[in-house]
Amino acid sequence: MDTQKFKRFYTGRNFHIILLVLWFLIGLGIRLTHLSAKPPWMDEVSTVVFSLGNRTGSLPLDQIMGIDELLSPIRWDPAATTGDVIRHLLQENNHPPAYFVLAHLWMKLLPWNDGLASIWAARSLPALLGALSIPAIFTLGWLAFRSLLVAHLSAVVMMLSPFAIFLAQEARHYTAATLVVIASLCCFSIAVRAVHAYKPLPLRTLCLWVGINALGIATHYFCSLTSLSQGCVLLALCWRQSRRRKGAWIQTHWRRIYIVAAGTLVGVLIWAPVWLNFYGSPQASFLKVNPTDPFYWINPLIQSLAGWIFVVLTPATVGYRLHGLVFVIVTILFMLAFLIWMAALLVRSLRTQLQQSDTRLGIQIIGGFFVVANILFFLVSYGLGQDITRGHRYNFVFFPSLIVLVGAGLALYWEHHPKLKVPVITLPFSQIKISGRQFVASVVTVGVVSSLFVVLNLSFPKFFRPDRFIPLIQGQSTAPVVIGTPTIITPKPTVIGIEIMGLGWEIQRRFNPQSADQNWAAPPRFLILEQNHEQQIHPDVTLPQKLAEIERPFDLWLLNYGPDLSEHKCLVPEEYGQGVKGAYHYKHYVCRS
């Protein structure tokens with residue numbers, strides 16, 4: 001290929017399409033790597049149950065059951081329909097149904113093993129949606145900055161983002177919500193550029209934007225924070241235009257924005273009856289914080305900062321024994337030093353571009369949204385006493401904007417504009433100078449390492465680790481095992497037994513009692529104890545009755561509950577009698593005749 005032909009190919013449309021497809025395939029490959037290696041945890045169990053069109057209310061309470069009966073809600077029912085998905089979800093859970101319906105249709109296409117759900121099948125849909133966020137963020141980068149370089153770099157950052165990979169390897173709905181947020185931000189970018197030029201938003205974009213926002217609310221209620229953040233940025237722009245040109249706020253270009261706002265509001269209010277139905281349920285109370293807590297004011301700040309960092313890089317956070325802890329400490333120190341160096345350079349780059357007319361608007365669009373969204377997070381956390389910064393997964397509301405800002409910051413170093421003065425890059429703790437492209441390459445390299453930490457389960461581990469708790473049970477119990485836990489039943493929507501179901505699922509997957517190499521005296525049995533204040537049902541009363549029905553000897557392992565059972569001849573051993581393992585709070589009883 002001669003030089004001219006190569007140059008035309010390099011700058012042509014086909015080259016950028018091929019490059020984008022490459023980013024997508026690499027991102028998909030990363031997200032599918034070791035997809036089923038991590039154990040399922042309770043939130044994933046809940047997602048699978050409702051996606052299958054089943055319900056947790058079918059589990060028996062206060063009855064000893066085998067593993068097959070415990071796992072019945074994650075078995076495929078050929079007669080289940082999307083109507084069952086929606087009905088059971090709204091009866092028991094506090095999430096909107098769009099993703100669950102999609103997951104139901106997806107899992108219909110995949111093969112099944114004896115009817116029991118596959119964690120790979122459940123996670124493969126989020127992995128695919130997560131990979132699709134790569135071309136989606138490319139589109140957002142182009143629309144916001146009108147730069148293919150910013151678009152490509154944003155796609156690369158999304159491809160390697162440890163936070164994005166973490167979301168994509170969970171059987172949950174956050175990658176679907178992320179896609180909707182990116183689509184909404186694309187429309188938002190078009191709208192800001194239109195009103196900035198005093199031009200009306202095209203009608204097809206108007207309708208598309210309203211539809212995307214409505215789909216967002218049907219996917220995750222926190223998508224409303226995305227719309228609210230966009231509205232605040234547009235309101236500031238309207239106020240500024242009205243100061244410059246009297247009556248600008250009633251002109252056609254703003255009237256169309258008002259139509260979008262009204263349509264989005266309708267899409268939000270449709271779900272008000274559902275919110276009222278589950279408001280006050282146990283599922284809606286875990287974010288509530290106590291203002292008297294000494295960390296009340298500092299936690300949201302620290303958690304937000306950590307969430308921003310994890311979008312771009314992460315150290316290893318999981319290590320056991322001395323060598324594992326040393327490895328974790330070393331990676332934390334290295335990543336912290338790299339982060340400080342990288343952040344300083346990115347801030348300098350964005351500040352430089354903010355002074356240029358051809359890049360200023362893009363930074364104002366995406367940066368303004370990012371700032372406003374985080375202000376809203378703080379207002380909810382401090383003003384309403386609901387710390388939504390605690391769950392990093394909620395950062396799907398704004399993290400695509402941070403990725404585009406990083407892509408824009410890197411763009412100046414990769415191929416700077418002739419009129420822009422590129423900051424000099426010096427390696428930390430030395431006088432060695434490197435090129436802008438070498439700096440971008442270092443960021444990509446750290447991104448690759450961070451992505452490997454996630455897929456190898458060295459960072460972002462599941463909150464519950466049944467793979468660590470089950471061997472403890474096997475090692476300490478020589479008699480048949482009964483595993484029990486209480487569950488709160490309220491008149492509000494209630495999900496039953498998903499924590500213990502996740503434990504049973506991992507036993508079925510990796511610690512199958514039917515396997516000769518497993519250390520089980522007999523297949524473990526399970527007990528879900530009802531705790532119902534309305535009907536005055538308490539485990540302290542029902543548990544002794546159940547113990548009397550079980551043939552002795554047996555070992556009882558209770559999760560999140562530990563009454564004195566000595567009068568029922570169930571004693572707590574001195575070693576491993578109680579504690580925390582794999583995030584499970586347990587109490588172990590040896591019950592003999």
# chains A, B, ... in the order shown; residues from 1 in each chain; ligands from 1
>>> residues_around(residues="A:Pro315", least_positions_apart="6", cutoff="9 Å", atoms="only C-alpha atoms", output="CSV table (one decimal) with N, CA and C atoms, in the first residue's frame")
chain,number,residue,atom,x,y,z
A,328,VAL,N,-1.2,-6.7,48.1
A,328,VAL,CA,-2.3,-5.6,48.1
A,328,VAL,C,-1.7,-4.3,48.4
A,329,ILE,N,-0.8,-4.2,49.5
A,329,ILE,CA,-0.2,-3.0,49.9
A,329,ILE,C,0.6,-2.3,48.8
A,330,VAL,N,1.4,-3.2,48.1
A,330,VAL,CA,2.3,-2.7,47.1
A,330,VAL,C,1.4,-2.1,45.9
A,331,THR,N,0.4,-2.8,45.5
A,331,THR,CA,-0.4,-2.3,44.4
A,331,THR,C,-1.2,-1.0,44.8
A,332,ILE,N,-1.6,-0.9,46.1
A,332,ILE,CA,-2.3,0.3,46.5
A,332,ILE,C,-1.3,1.5,46.5
A,333,LEU,N,-0.1,1.3,46.9
A,333,LEU,CA,0.9,2.4,46.9
A,333,LEU,C,1.2,2.8,45.5
A,334,PHE,N,1.4,1.8,44.6
A,334,PHE,CA,1.7,2.2,43.3
A,334,PHE,C,0.6,2.9,42.6
A,335,MET,N,-0.6,2.4,42.7
A,335,MET,CA,-1.8,3.0,42.1
A,335,MET,C,-2.1,4.4,42.6
A,336,LEU,N,-1.8,4.6,43.9
A,336,LEU,CA,-2.1,5.9,44.5
A,336,LEU,C,-1.1,6.9,43.9
A,449,VAL,N,-3.9,-3.6,33.6
A,449,VAL,CA,-3.7,-4.3,34.9
A,449,VAL,C,-4.9,-4.2,35.8
A,450,SER,N,-5.5,-3.1,35.8
A,450,SER,CA,-6.7,-3.0,36.7
A,450,SER,C,-7.9,-3.9,36.2
A,453,PHE,N,-7.1,-7.3,37.4
A,453,PHE,CA,-7.4,-7.5,38.8
A,453,PHE,C,-8.9,-7.8,39.0
A,458,LEU,N,-9.3,-10.2,42.1
A,458,LEU,CA,-8.4,-9.6,43.1
A,458,LEU,C,-8.9,-8.2,43.5
A,459,SER,N,-9.9,-7.7,42.8
A,459,SER,CA,-10.5,-6.4,43.2
A,459,SER,C,-12.0,-6.5,42.9
>>> residues_around(residues="A:Arg509", least_positions_apart="5", cutoff="10 Å", atoms="only C-alpha atoms", output="PyMOL selection string")
chain A and resi 39-40+118-119+503-504
>>> write_last_selection(atoms="N, CA and C atoms", output="CSV table (one decimal), in the first residue's frame")
chain,number,residue,atom,x,y,z
A,39,PRO,N,-18.4,-16.7,42.8
A,39,PRO,CA,-19.7,-17.2,43.3
A,39,PRO,C,-20.8,-16.2,43.2
A,40,PRO,N,-22.0,-16.7,43.0
A,40,PRO,CA,-23.2,-15.8,43.0
A,40,PRO,C,-23.5,-15.3,44.4
A,118,SER,N,-28.1,-21.1,35.1
A,118,SER,CA,-26.6,-21.1,34.9
A,118,SER,C,-26.2,-19.6,35.3
A,119,ILE,N,-25.2,-19.5,36.1
A,119,ILE,CA,-24.7,-18.2,36.5
A,119,ILE,C,-24.0,-17.6,35.3
A,503,LEU,N,-25.9,-19.2,49.0
A,503,LEU,CA,-25.1,-20.2,49.6
A,503,LEU,C,-25.4,-21.6,49.1
A,504,GLY,N,-26.6,-22.0,49.0
A,504,GLY,CA,-27.0,-23.3,48.4
A,504,GLY,C,-26.7,-23.4,47.0
>>> residues_around(residues="A:His588", least_positions_apart="6", cutoff="8 Å", atoms="only C-alpha atoms", output="PDB file with C-alpha atoms, in the first residue's frame")
ATOM      1  CA  ASP A 555     -24.528 -29.365  63.351  1.00  0.00           C
ATOM      2  CA  LEU A 556     -26.523 -26.138  63.118  1.00  0.00           C
ATOM      3  CA  TRP A 557     -25.036 -23.090  61.404  1.00  0.00           C
ATOM      4  CA  LEU A 558     -27.113 -19.925  61.840  1.00  0.00           C
ATOM      5  CA  VAL A 572     -21.302 -23.627  70.737  1.00  0.00           C
ATOM      6  CA  PRO A 573     -17.784 -25.060  70.355  1.00  0.00           C
ATOM      7  CA  TYR A 576     -15.029 -21.501  65.229  1.00  0.00           C
ATOM      8  CA  GLY A 577     -18.148 -21.250  67.357  1.00  0.00           C
ATOM      9  CA  GLN A 578     -18.998 -17.847  65.957  1.00  0.00           C
TER      10      GLN A 578
END
>>> closest_residue(among="A:Arg255, A:Lys38, A:His104, A:Lys199", to="A:Asp77", atoms="only C-alpha atoms")
A:His104
>>> closest_residue(among="A:Asp114, A:Asp62, A:Asp387, A:Glu575", to="A:Leu472", atoms="only C-alpha atoms")
A:Glu575
>>> closest_residue(among="A:Ala80, A:Leu89, A:Leu110, A:Ala343", to="A:Trp308", atoms="only C-alpha atoms")
A:Ala343
